[in-house]
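> Below is a structure I'd like to ask you about.
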Amino acid sequence: MLRKNPTGHHPVVSQKAYIDSTAIVCGHVVIEDNVFVGPYAVIRADEVNEEGEMLPILIKQGSNIQDGVVIHSKAGAAVTIGERTSIAHRSIIHGPCTVGNDVFIGFNAVVFETCIGDGCVIRHNCVVDGFDIPENFDVPPMTNVGPKFDLGSILKVSPELSSFSKSVVSANHALVKGYKKLANKT
């Protein structure tokens with residue numbers, strides 16, 4: 001469901017994107033080509049800052065927002081999801097936040113007040129809060145990353161994880177095409 005927020009912003013969604021009918025996309029949201037938004041996802045840009053302004057939630061081309069994901073932002077701060085990025089089931093992305101290109105965010109992860117660099121893998125049940133992660137780092141499952149986190153304690157993304165991330169993006173591109181084809185038959 002696409003809906004306007006109280007300030008009058010309405011989502012701008014590419015005709016080449018797929019939004020599941022159970023998903024809610026509200027307000028100042030921009031969704032580019034070949035984006036998949038899965039069942040029960042909520043993408044909501046409706047809070048303003050002290051000046052009454054709001055920056056958009058931007059989901060760039062080729063990314064996928066899977067089942068039950070919540071993307072929101074406090075006080076009108078920007079949220080950007082880069083190209084070919086996967087946000088896996090039931091994750092929470094809360095702005096201010098930037099997630100780079102070719103990133104994989106695992107199941108139930110929470111990302112808040114951070115910048116995740118290109119090519120990173122944030123595994124399941126991680127919390128990244130207030131600490132920027134440079135490109136190509138692999139955050140192990142159930143890791144809490146905060147302001148005093150030692151980046152030297154984690155490894156760079158392996159070729160196998162990078163390949164896995166690409167396969168998830170590819171699978172979701174196929175879903176966009178498949179669901180768009182189904183919608184055109186009804």
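Within each chain, counting starts at residue 1; across the structure tokens, chains are named A, B, ... in the order shown, with ligands numbered 1 upward in that order.
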Excluding same-chain residues fewer than 3 positions from Asn136 (chain A), what lies within 9 Å of it counting only C-alpha atoms, as a tab-separated table (two decimals) with N, CA, C and O atoms, in the first residue's frame?


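Done, and the output landed in selection.tsv:
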```tsv
chain	number	residue	atom	x	y	z
A	103	VAL	N	25.65	-4.34	-0.41
A	103	VAL	CA	25.69	-4.70	1.01
A	103	VAL	C	24.65	-5.78	1.27
A	103	VAL	O	23.59	-5.80	0.65
A	117	GLY	N	29.65	0.77	4.69
A	117	GLY	CA	30.38	0.92	3.43
A	117	GLY	C	30.00	-0.12	2.39
A	117	GLY	O	29.44	-1.18	2.71
A	118	ASP	N	30.32	0.18	1.14
A	118	ASP	CA	30.04	-0.73	0.03
A	118	ASP	C	30.62	-2.11	0.30
A	118	ASP	O	31.71	-2.26	0.87
A	119	GLY	N	29.88	-3.13	-0.13
A	119	GLY	CA	30.36	-4.49	-0.08
A	119	GLY	C	30.36	-5.16	1.28
A	119	GLY	O	30.82	-6.29	1.42
A	120	CYS	N	29.87	-4.49	2.31
A	120	CYS	CA	29.86	-5.09	3.65
A	120	CYS	C	28.80	-6.19	3.76
A	120	CYS	O	27.80	-6.20	3.04
A	121	VAL	N	29.04	-7.09	4.70
A	121	VAL	CA	28.06	-8.10	5.08
A	121	VAL	C	27.86	-7.95	6.59
A	121	VAL	O	28.80	-8.08	7.37
A	133	ILE	N	31.00	1.64	9.42
A	133	ILE	CA	31.80	0.49	9.01
A	133	ILE	C	32.31	0.73	7.60
A	133	ILE	O	31.51	0.91	6.68
A	155	LEU	N	36.86	-9.46	10.19
A	155	LEU	CA	37.57	-9.70	8.93
A	155	LEU	C	36.92	-8.97	7.77
A	155	LEU	O	35.79	-8.48	7.87
A	156	LYS	N	37.63	-8.95	6.67
A	156	LYS	CA	37.07	-8.46	5.40
A	156	LYS	C	36.15	-9.55	4.83
A	156	LYS	O	36.25	-10.72	5.18
A	157	VAL	N	35.26	-9.13	3.94
A	157	VAL	CA	34.32	-10.05	3.31
A	157	VAL	C	35.09	-11.04	2.43
A	157	VAL	O	35.92	-10.64	1.61
A	158	SER	N	34.77	-12.32	2.59
A	158	SER	CA	35.41	-13.35	1.78
A	158	SER	C	34.76	-13.42	0.39
A	158	SER	O	33.63	-12.96	0.21
A	162	SER	N	30.78	-12.63	-0.66
A	162	SER	CA	30.48	-11.70	-1.74
A	162	SER	C	29.63	-12.38	-2.80
A	162	SER	O	28.65	-11.81	-3.29
```

> Identify, on the basis of only C-alpha atoms, every residue whose closest approach to His72 (chain A) does not exceed 12 Å; exclude the query and any residue fewer than 2 positions from it along the same chain; express the result as a count of residues only.

40

> Using only C-alpha atoms, which protein or nucleic acid residues come within 10 Å of Arg90 (chain A)? Drop anything in the same chain fewer than 6 positions from it, and give the result as a PyMOL selection string.

chain A and resi 40-41+65-70+106-110+124-125

> Suppose we keep C-alpha atoms; can you now write the selection as a PDB file, in the first residue's frame?


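Written output follows (part_33.pdb):
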```
ATOM      1  CA  TYR A  40       4.801  -6.959   5.338  1.00  0.00           C
ATOM      2  CA  ALA A  41       7.732  -4.587   4.880  1.00  0.00           C
ATOM      3  CA  ILE A  65      13.759  -5.119   1.052  1.00  0.00           C
ATOM      4  CA  GLN A  66      12.609  -8.506   2.281  1.00  0.00           C
ATOM      5  CA  ASP A  67       9.697  -9.738   4.375  1.00  0.00           C
ATOM      6  CA  GLY A  68       8.940  -7.805   7.542  1.00  0.00           C
ATOM      7  CA  VAL A  69      11.742  -5.243   7.186  1.00  0.00           C
ATOM      8  CA  VAL A  70      11.144  -1.852   8.800  1.00  0.00           C
ATOM      9  CA  GLY A 106      21.167 -10.323   7.595  1.00  0.00           C
ATOM     10  CA  PHE A 107      18.024 -11.508   9.335  1.00  0.00           C
ATOM     11  CA  ASN A 108      16.892  -9.509  12.384  1.00  0.00           C
ATOM     12  CA  ALA A 109      19.771  -7.034  12.193  1.00  0.00           C
ATOM     13  CA  VAL A 110      19.329  -3.505  13.545  1.00  0.00           C
ATOM     14  CA  HIS A 124      21.996 -12.090  11.280  1.00  0.00           C
ATOM     15  CA  ASN A 125      21.049 -10.662  14.678  1.00  0.00           C
TER      16      ASN A 125
END
```

> Tell me, as a ChimeraX atom specification, which residues lie within 10 Å of Tyr179 (chain A), counting only C-alpha atoms; anything in the same chain fewer than 6 positions away does not count.

/A:17-20,36,185

> Could the residues in this selection be saved with C-alpha atoms as a PDB file, in the first residue's frame?


```pdb
ATOM      1  CA  ALA A  17       9.906  -1.921  -9.025  1.00  0.00           C
ATOM      2  CA  TYR A  18       7.722  -4.498  -7.274  1.00  0.00           C
ATOM      3  CA  ILE A  19       5.944  -3.651  -4.001  1.00  0.00           C
ATOM      4  CA  ASP A  20       4.039  -6.524  -2.371  1.00  0.00           C
ATOM      5  CA  PHE A  36      11.788  -5.720  -4.604  1.00  0.00           C
ATOM      6  CA  LYS A 185      -1.839 -11.352 -16.262  1.00  0.00           C
TER       7      LYS A 185
END
```

> Val176 (chain A): which residues within 12 Å, counting only C-alpha atoms, same-chain residues fewer than 3 positions away excluded, as a PDB file with all heavy atoms, in the first residue's frame?


```
ATOM      1  N   SER A  14       9.283   3.590  -8.899  1.00  0.00           N
ATOM      2  CA  SER A  14       9.500   3.249 -10.303  1.00  0.00           C
ATOM      3  C   SER A  14       8.483   2.205 -10.754  1.00  0.00           C
ATOM      4  O   SER A  14       8.131   1.293  -9.999  1.00  0.00           O
ATOM      5  CB  SER A  14      10.908   2.679 -10.488  1.00  0.00           C
ATOM      6  OG  SER A  14      11.034   2.049 -11.747  1.00  0.00           O
ATOM      7  N   GLN A  15       8.048   2.339 -11.981  1.00  0.00           N
ATOM      8  CA  GLN A  15       7.158   1.334 -12.572  1.00  0.00           C
ATOM      9  C   GLN A  15       7.869  -0.006 -12.728  1.00  0.00           C
ATOM     10  O   GLN A  15       7.223  -1.034 -12.901  1.00  0.00           O
ATOM     11  CB  GLN A  15       6.643   1.824 -13.933  1.00  0.00           C
ATOM     12  CG  GLN A  15       5.714   3.005 -13.833  1.00  0.00           C
ATOM     13  CD  GLN A  15       4.435   2.659 -13.087  1.00  0.00           C
ATOM     14  OE1 GLN A  15       3.844   1.607 -13.291  1.00  0.00           O
ATOM     15  NE2 GLN A  15       4.016   3.549 -12.204  1.00  0.00           N
ATOM     16  N   LYS A  16       9.188   0.003 -12.643  1.00  0.00           N
ATOM     17  CA  LYS A  16       9.974  -1.225 -12.782  1.00  0.00           C
ATOM     18  C   LYS A  16      10.274  -1.879 -11.435  1.00  0.00           C
ATOM     19  O   LYS A  16      11.015  -2.849 -11.369  1.00  0.00           O
ATOM     20  CB  LYS A  16      11.272  -0.931 -13.527  1.00  0.00           C
ATOM     21  CG  LYS A  16      11.045  -0.497 -14.964  1.00  0.00           C
ATOM     22  CD  LYS A  16      12.360  -0.207 -15.647  1.00  0.00           C
ATOM     23  CE  LYS A  16      12.123   0.240 -17.079  1.00  0.00           C
ATOM     24  NZ  LYS A  16      13.392   0.552 -17.750  1.00  0.00           N
ATOM     25  N   ALA A  17       9.736  -1.337 -10.359  1.00  0.00           N
ATOM     26  CA  ALA A  17       9.906  -1.921  -9.025  1.00  0.00           C
ATOM     27  C   ALA A  17       8.698  -2.802  -8.723  1.00  0.00           C
ATOM     28  O   ALA A  17       7.648  -2.685  -9.356  1.00  0.00           O
ATOM     29  CB  ALA A  17      10.019  -0.820  -7.978  1.00  0.00           C
ATOM     30  N   TYR A  18       8.847  -3.686  -7.731  1.00  0.00           N
ATOM     31  CA  TYR A  18       7.722  -4.498  -7.274  1.00  0.00           C
ATOM     32  C   TYR A  18       7.529  -4.252  -5.782  1.00  0.00           C
ATOM     33  O   TYR A  18       8.454  -4.435  -4.985  1.00  0.00           O
ATOM     34  CB  TYR A  18       7.947  -5.990  -7.518  1.00  0.00           C
ATOM     35  CG  TYR A  18       6.862  -6.813  -6.876  1.00  0.00           C
ATOM     36  CD1 TYR A  18       5.602  -6.893  -7.454  1.00  0.00           C
ATOM     37  CD2 TYR A  18       7.069  -7.446  -5.659  1.00  0.00           C
ATOM     38  CE1 TYR A  18       4.580  -7.599  -6.843  1.00  0.00           C
ATOM     39  CE2 TYR A  18       6.051  -8.150  -5.037  1.00  0.00           C
ATOM     40  CZ  TYR A  18       4.811  -8.226  -5.635  1.00  0.00           C
ATOM     41  OH  TYR A  18       3.787  -8.918  -5.027  1.00  0.00           O
ATOM     42  N   ILE A  19       6.312  -3.855  -5.400  1.00  0.00           N
ATOM     43  CA  ILE A  19       5.944  -3.651  -4.001  1.00  0.00           C
ATOM     44  C   ILE A  19       4.839  -4.647  -3.682  1.00  0.00           C
ATOM     45  O   ILE A  19       3.764  -4.609  -4.284  1.00  0.00           O
ATOM     46  CB  ILE A  19       5.402  -2.211  -3.750  1.00  0.00           C
ATOM     47  CG1 ILE A  19       6.312  -1.137  -4.350  1.00  0.00           C
ATOM     48  CG2 ILE A  19       5.139  -1.989  -2.266  1.00  0.00           C
ATOM     49  CD1 ILE A  19       7.661  -1.012  -3.727  1.00  0.00           C
ATOM     50  N   ASP A  20       5.071  -5.561  -2.750  1.00  0.00           N
ATOM     51  CA  ASP A  20       4.039  -6.524  -2.371  1.00  0.00           C
ATOM     52  C   ASP A  20       2.810  -5.789  -1.837  1.00  0.00           C
ATOM     53  O   ASP A  20       2.934  -4.749  -1.187  1.00  0.00           O
ATOM     54  CB  ASP A  20       4.587  -7.472  -1.298  1.00  0.00           C
ATOM     55  CG  ASP A  20       3.617  -8.598  -1.001  1.00  0.00           C
ATOM     56  OD1 ASP A  20       3.654  -9.602  -1.723  1.00  0.00           O
ATOM     57  OD2 ASP A  20       2.817  -8.444  -0.046  1.00  0.00           O
ATOM     58  N   ASP A  33      14.353   1.665  -9.950  1.00  0.00           N
ATOM     59  CA  ASP A  33      14.107   0.498 -10.799  1.00  0.00           C
ATOM     60  C   ASP A  33      14.575  -0.810 -10.159  1.00  0.00           C
ATOM     61  O   ASP A  33      15.604  -0.852  -9.471  1.00  0.00           O
ATOM     62  CB  ASP A  33      14.861   0.634 -12.131  1.00  0.00           C
ATOM     63  CG  ASP A  33      14.348   1.741 -13.016  1.00  0.00           C
ATOM     64  OD1 ASP A  33      13.293   2.333 -12.704  1.00  0.00           O
ATOM     65  OD2 ASP A  33      15.007   2.014 -14.037  1.00  0.00           O
ATOM     66  N   ASN A  34      13.835  -1.870 -10.462  1.00  0.00           N
ATOM     67  CA  ASN A  34      14.185  -3.245 -10.103  1.00  0.00           C
ATOM     68  C   ASN A  34      14.370  -3.470  -8.604  1.00  0.00           C
ATOM     69  O   ASN A  34      15.123  -4.342  -8.192  1.00  0.00           O
ATOM     70  CB  ASN A  34      15.426  -3.704 -10.868  1.00  0.00           C
ATOM     71  CG  ASN A  34      15.184  -3.704 -12.359  1.00  0.00           C
ATOM     72  OD1 ASN A  34      14.142  -4.161 -12.825  1.00  0.00           O
ATOM     73  ND2 ASN A  34      16.112  -3.165 -13.109  1.00  0.00           N
ATOM     74  N   VAL A  35      13.671  -2.699  -7.798  1.00  0.00           N
ATOM     75  CA  VAL A  35      13.674  -2.904  -6.352  1.00  0.00           C
ATOM     76  C   VAL A  35      12.530  -3.849  -6.010  1.00  0.00           C
ATOM     77  O   VAL A  35      11.427  -3.730  -6.542  1.00  0.00           O
ATOM     78  CB  VAL A  35      13.517  -1.564  -5.592  1.00  0.00           C
ATOM     79  CG1 VAL A  35      13.227  -1.798  -4.110  1.00  0.00           C
ATOM     80  CG2 VAL A  35      14.767  -0.716  -5.763  1.00  0.00           C
ATOM     81  N   PHE A  36      12.798  -4.798  -5.127  1.00  0.00           N
ATOM     82  CA  PHE A  36      11.788  -5.720  -4.604  1.00  0.00           C
ATOM     83  C   PHE A  36      11.495  -5.324  -3.165  1.00  0.00           C
ATOM     84  O   PHE A  36      12.419  -5.224  -2.354  1.00  0.00           O
ATOM     85  CB  PHE A  36      12.321  -7.161  -4.645  1.00  0.00           C
ATOM     86  CG  PHE A  36      11.411  -8.155  -3.996  1.00  0.00           C
ATOM     87  CD1 PHE A  36      10.349  -8.706  -4.688  1.00  0.00           C
ATOM     88  CD2 PHE A  36      11.613  -8.560  -2.679  1.00  0.00           C
ATOM     89  CE1 PHE A  36       9.512  -9.632  -4.098  1.00  0.00           C
ATOM     90  CE2 PHE A  36      10.777  -9.478  -2.064  1.00  0.00           C
ATOM     91  CZ  PHE A  36       9.720 -10.023  -2.786  1.00  0.00           C
ATOM     92  N   VAL A  37      10.215  -5.089  -2.855  1.00  0.00           N
ATOM     93  CA  VAL A  37       9.784  -4.841  -1.478  1.00  0.00           C
ATOM     94  C   VAL A  37       8.835  -5.966  -1.118  1.00  0.00           C
ATOM     95  O   VAL A  37       7.751  -6.098  -1.690  1.00  0.00           O
ATOM     96  CB  VAL A  37       9.112  -3.457  -1.329  1.00  0.00           C
ATOM     97  CG1 VAL A  37       8.624  -3.260   0.094  1.00  0.00           C
ATOM     98  CG2 VAL A  37      10.087  -2.345  -1.715  1.00  0.00           C
ATOM     99  N   GLY A  38       9.251  -6.804  -0.179  1.00  0.00           N
ATOM    100  CA  GLY A  38       8.537  -8.033   0.146  1.00  0.00           C
ATOM    101  C   GLY A  38       7.351  -7.849   1.071  1.00  0.00           C
ATOM    102  O   GLY A  38       7.065  -6.741   1.559  1.00  0.00           O
ATOM    103  N   GLN A  61      18.423   1.462  -7.149  1.00  0.00           N
ATOM    104  CA  GLN A  61      18.080   0.397  -8.088  1.00  0.00           C
ATOM    105  C   GLN A  61      18.702  -0.955  -7.744  1.00  0.00           C
ATOM    106  O   GLN A  61      19.822  -1.026  -7.253  1.00  0.00           O
ATOM    107  CB  GLN A  61      18.458   0.801  -9.495  1.00  0.00           C
ATOM    108  CG  GLN A  61      19.929   0.957  -9.746  1.00  0.00           C
ATOM    109  CD  GLN A  61      20.207   1.388 -11.179  1.00  0.00           C
ATOM    110  OE1 GLN A  61      19.320   1.443 -12.023  1.00  0.00           O
ATOM    111  NE2 GLN A  61      21.447   1.692 -11.456  1.00  0.00           N
ATOM    112  N   GLY A  62      17.905  -1.974  -8.003  1.00  0.00           N
ATOM    113  CA  GLY A  62      18.375  -3.342  -7.866  1.00  0.00           C
ATOM    114  C   GLY A  62      18.426  -3.874  -6.459  1.00  0.00           C
ATOM    115  O   GLY A  62      18.875  -5.002  -6.242  1.00  0.00           O
ATOM    116  N   SER A  63      17.968  -3.114  -5.478  1.00  0.00           N
ATOM    117  CA  SER A  63      18.015  -3.572  -4.088  1.00  0.00           C
ATOM    118  C   SER A  63      16.760  -4.349  -3.723  1.00  0.00           C
ATOM    119  O   SER A  63      15.767  -4.313  -4.435  1.00  0.00           O
ATOM    120  CB  SER A  63      18.208  -2.387  -3.146  1.00  0.00           C
ATOM    121  OG  SER A  63      19.518  -1.878  -3.306  1.00  0.00           O
ATOM    122  N   ASN A  64      16.821  -5.054  -2.609  1.00  0.00           N
ATOM    123  CA  ASN A  64      15.656  -5.793  -2.145  1.00  0.00           C
ATOM    124  C   ASN A  64      15.456  -5.585  -0.661  1.00  0.00           C
ATOM    125  O   ASN A  64      16.400  -5.595   0.120  1.00  0.00           O
ATOM    126  CB  ASN A  64      15.734  -7.276  -2.515  1.00  0.00           C
ATOM    127  CG  ASN A  64      16.962  -7.957  -1.972  1.00  0.00           C
ATOM    128  OD1 ASN A  64      16.954  -8.485  -0.863  1.00  0.00           O
ATOM    129  ND2 ASN A  64      18.046  -7.954  -2.751  1.00  0.00           N
ATOM    130  N   ILE A  65      14.201  -5.348  -0.318  1.00  0.00           N
ATOM    131  CA  ILE A  65      13.759  -5.119   1.052  1.00  0.00           C
ATOM    132  C   ILE A  65      12.832  -6.292   1.350  1.00  0.00           C
ATOM    133  O   ILE A  65      11.720  -6.358   0.846  1.00  0.00           O
ATOM    134  CB  ILE A  65      13.009  -3.765   1.162  1.00  0.00           C
ATOM    135  CG1 ILE A  65      13.818  -2.616   0.533  1.00  0.00           C
ATOM    136  CG2 ILE A  65      12.613  -3.495   2.595  1.00  0.00           C
ATOM    137  CD1 ILE A  65      15.195  -2.401   1.105  1.00  0.00           C
ATOM    138  N   GLN A  66      13.300  -7.229   2.139  1.00  0.00           N
ATOM    139  CA  GLN A  66      12.609  -8.506   2.281  1.00  0.00           C
ATOM    140  C   GLN A  66      11.504  -8.462   3.338  1.00  0.00           C
ATOM    141  O   GLN A  66      11.246  -7.437   3.956  1.00  0.00           O
ATOM    142  CB  GLN A  66      13.629  -9.597   2.560  1.00  0.00           C
ATOM    143  CG  GLN A  66      14.613  -9.766   1.407  1.00  0.00           C
ATOM    144  CD  GLN A  66      15.699 -10.773   1.689  1.00  0.00           C
ATOM    145  OE1 GLN A  66      15.627 -11.564   2.632  1.00  0.00           O
ATOM    146  NE2 GLN A  66      16.745 -10.735   0.876  1.00  0.00           N
ATOM    147  N   VAL A 169      20.784 -10.946  -4.499  1.00  0.00           N
ATOM    148  CA  VAL A 169      20.321  -9.868  -5.374  1.00  0.00           C
ATOM    149  C   VAL A 169      19.739 -10.451  -6.653  1.00  0.00           C
ATOM    150  O   VAL A 169      18.658 -10.060  -7.102  1.00  0.00           O
ATOM    151  CB  VAL A 169      21.466  -8.864  -5.671  1.00  0.00           C
ATOM    152  CG1 VAL A 169      21.077  -7.907  -6.782  1.00  0.00           C
ATOM    153  CG2 VAL A 169      21.831  -8.102  -4.404  1.00  0.00           C
ATOM    154  N   SER A 170      20.430 -11.411  -7.237  1.00  0.00           N
ATOM    155  CA  SER A 170      19.962 -12.036  -8.478  1.00  0.00           C
ATOM    156  C   SER A 170      18.612 -12.721  -8.277  1.00  0.00           C
ATOM    157  O   SER A 170      17.707 -12.594  -9.115  1.00  0.00           O
ATOM    158  CB  SER A 170      21.012 -13.043  -8.963  1.00  0.00           C
ATOM    159  OG  SER A 170      20.590 -13.674 -10.131  1.00  0.00           O
ATOM    160  N   ALA A 171      18.462 -13.439  -7.178  1.00  0.00           N
ATOM    161  CA  ALA A 171      17.196 -14.111  -6.887  1.00  0.00           C
ATOM    162  C   ALA A 171      16.055 -13.105  -6.757  1.00  0.00           C
ATOM    163  O   ALA A 171      14.940 -13.339  -7.247  1.00  0.00           O
ATOM    164  CB  ALA A 171      17.316 -14.940  -5.608  1.00  0.00           C
ATOM    165  N   ASN A 172      16.328 -11.969  -6.138  1.00  0.00           N
ATOM    166  CA  ASN A 172      15.285 -10.960  -5.966  1.00  0.00           C
ATOM    167  C   ASN A 172      14.980 -10.212  -7.258  1.00  0.00           C
ATOM    168  O   ASN A 172      13.848  -9.794  -7.480  1.00  0.00           O
ATOM    169  CB  ASN A 172      15.634 -10.018  -4.817  1.00  0.00           C
ATOM    170  CG  ASN A 172      15.300 -10.658  -3.482  1.00  0.00           C
ATOM    171  OD1 ASN A 172      14.163 -10.601  -3.033  1.00  0.00           O
ATOM    172  ND2 ASN A 172      16.274 -11.304  -2.869  1.00  0.00           N
ATOM    173  N   HIS A 173      15.950 -10.079  -8.150  1.00  0.00           N
ATOM    174  CA  HIS A 173      15.664  -9.513  -9.474  1.00  0.00           C
ATOM    175  C   HIS A 173      14.696 -10.421 -10.217  1.00  0.00           C
ATOM    176  O   HIS A 173      13.770  -9.940 -10.878  1.00  0.00           O
ATOM    177  CB  HIS A 173      16.943  -9.336 -10.285  1.00  0.00           C
ATOM    178  CG  HIS A 173      17.763  -8.170  -9.859  1.00  0.00           C
ATOM    179  ND1 HIS A 173      18.993  -7.911 -10.382  1.00  0.00           N
ATOM    180  CD2 HIS A 173      17.541  -7.188  -8.961  1.00  0.00           C
ATOM    181  CE1 HIS A 173      19.502  -6.830  -9.828  1.00  0.00           C
ATOM    182  NE2 HIS A 173      18.633  -6.375  -8.955  1.00  0.00           N
ATOM    183  N   TYR A 179       6.888 -11.454 -10.350  1.00  0.00           N
ATOM    184  CA  TYR A 179       5.691 -10.840  -9.779  1.00  0.00           C
ATOM    185  C   TYR A 179       5.101  -9.773 -10.696  1.00  0.00           C
ATOM    186  O   TYR A 179       3.882  -9.632 -10.777  1.00  0.00           O
ATOM    187  CB  TYR A 179       5.976 -10.259  -8.388  1.00  0.00           C
ATOM    188  CG  TYR A 179       5.995 -11.310  -7.306  1.00  0.00           C
ATOM    189  CD1 TYR A 179       7.152 -11.585  -6.589  1.00  0.00           C
ATOM    190  CD2 TYR A 179       4.847 -12.037  -6.991  1.00  0.00           C
ATOM    191  CE1 TYR A 179       7.170 -12.548  -5.597  1.00  0.00           C
ATOM    192  CE2 TYR A 179       4.858 -13.004  -6.007  1.00  0.00           C
ATOM    193  CZ  TYR A 179       6.021 -13.254  -5.308  1.00  0.00           C
ATOM    194  OH  TYR A 179       6.032 -14.211  -4.323  1.00  0.00           O
ATOM    195  N   LYS A 180       5.955  -9.037 -11.393  1.00  0.00           N
ATOM    196  CA  LYS A 180       5.439  -8.044 -12.355  1.00  0.00           C
ATOM    197  C   LYS A 180       4.688  -8.767 -13.484  1.00  0.00           C
ATOM    198  O   LYS A 180       3.631  -8.312 -13.918  1.00  0.00           O
ATOM    199  CB  LYS A 180       6.574  -7.196 -12.933  1.00  0.00           C
ATOM    200  CG  LYS A 180       7.296  -6.320 -11.930  1.00  0.00           C
ATOM    201  CD  LYS A 180       6.464  -5.207 -11.393  1.00  0.00           C
ATOM    202  CE  LYS A 180       6.430  -4.050 -12.341  1.00  0.00           C
ATOM    203  NZ  LYS A 180       5.692  -2.905 -11.787  1.00  0.00           N
ATOM    204  N   LYS A 181       5.216  -9.897 -13.923  1.00  0.00           N
ATOM    205  CA  LYS A 181       4.562 -10.673 -14.984  1.00  0.00           C
ATOM    206  C   LYS A 181       3.203 -11.187 -14.496  1.00  0.00           C
ATOM    207  O   LYS A 181       2.214 -11.120 -15.221  1.00  0.00           O
ATOM    208  CB  LYS A 181       5.480 -11.835 -15.402  1.00  0.00           C
ATOM    209  CG  LYS A 181       4.974 -12.624 -16.580  1.00  0.00           C
ATOM    210  CD  LYS A 181       5.983 -13.672 -16.983  1.00  0.00           C
ATOM    211  CE  LYS A 181       5.473 -14.471 -18.168  1.00  0.00           C
ATOM    212  NZ  LYS A 181       6.444 -15.505 -18.570  1.00  0.00           N
ATOM    213  N   LEU A 182       3.170 -11.705 -13.273  1.00  0.00           N
ATOM    214  CA  LEU A 182       1.898 -12.164 -12.699  1.00  0.00           C
ATOM    215  C   LEU A 182       0.878 -11.044 -12.613  1.00  0.00           C
ATOM    216  O   LEU A 182      -0.304 -11.233 -12.925  1.00  0.00           O
ATOM    217  CB  LEU A 182       2.122 -12.749 -11.298  1.00  0.00           C
ATOM    218  CG  LEU A 182       2.592 -14.173 -11.194  1.00  0.00           C
ATOM    219  CD1 LEU A 182       2.862 -14.506  -9.725  1.00  0.00           C
ATOM    220  CD2 LEU A 182       1.597 -15.139 -11.785  1.00  0.00           C
ATOM    221  N   ALA A 183       1.321  -9.871 -12.190  1.00  0.00           N
ATOM    222  CA  ALA A 183       0.415  -8.727 -12.034  1.00  0.00           C
ATOM    223  C   ALA A 183      -0.175  -8.316 -13.390  1.00  0.00           C
ATOM    224  O   ALA A 183      -1.335  -7.883 -13.457  1.00  0.00           O
ATOM    225  CB  ALA A 183       1.147  -7.556 -11.404  1.00  0.00           C
TER     226      ALA A 183
END
```

> As a PyMOL selection string, please: every residue in region 26-164 of chain A that a backbone DSSP assignment puts in strand (DSSP E or B).

chain A and resi 26-27+29-31+36-37+42-45+57-59+64-65+70-73+79-81+86-87+92-99+104-105+110-116+121-122+127-129+133+137-139+144-145+155-156

> Can you tell me, as a ChimeraX atom specification, what residues are no more than 6 Å from Asn101 (chain A) when counting only C-alpha atoms, ignoring any on the same chain fewer than 4 positions away?

/A:82-85,118
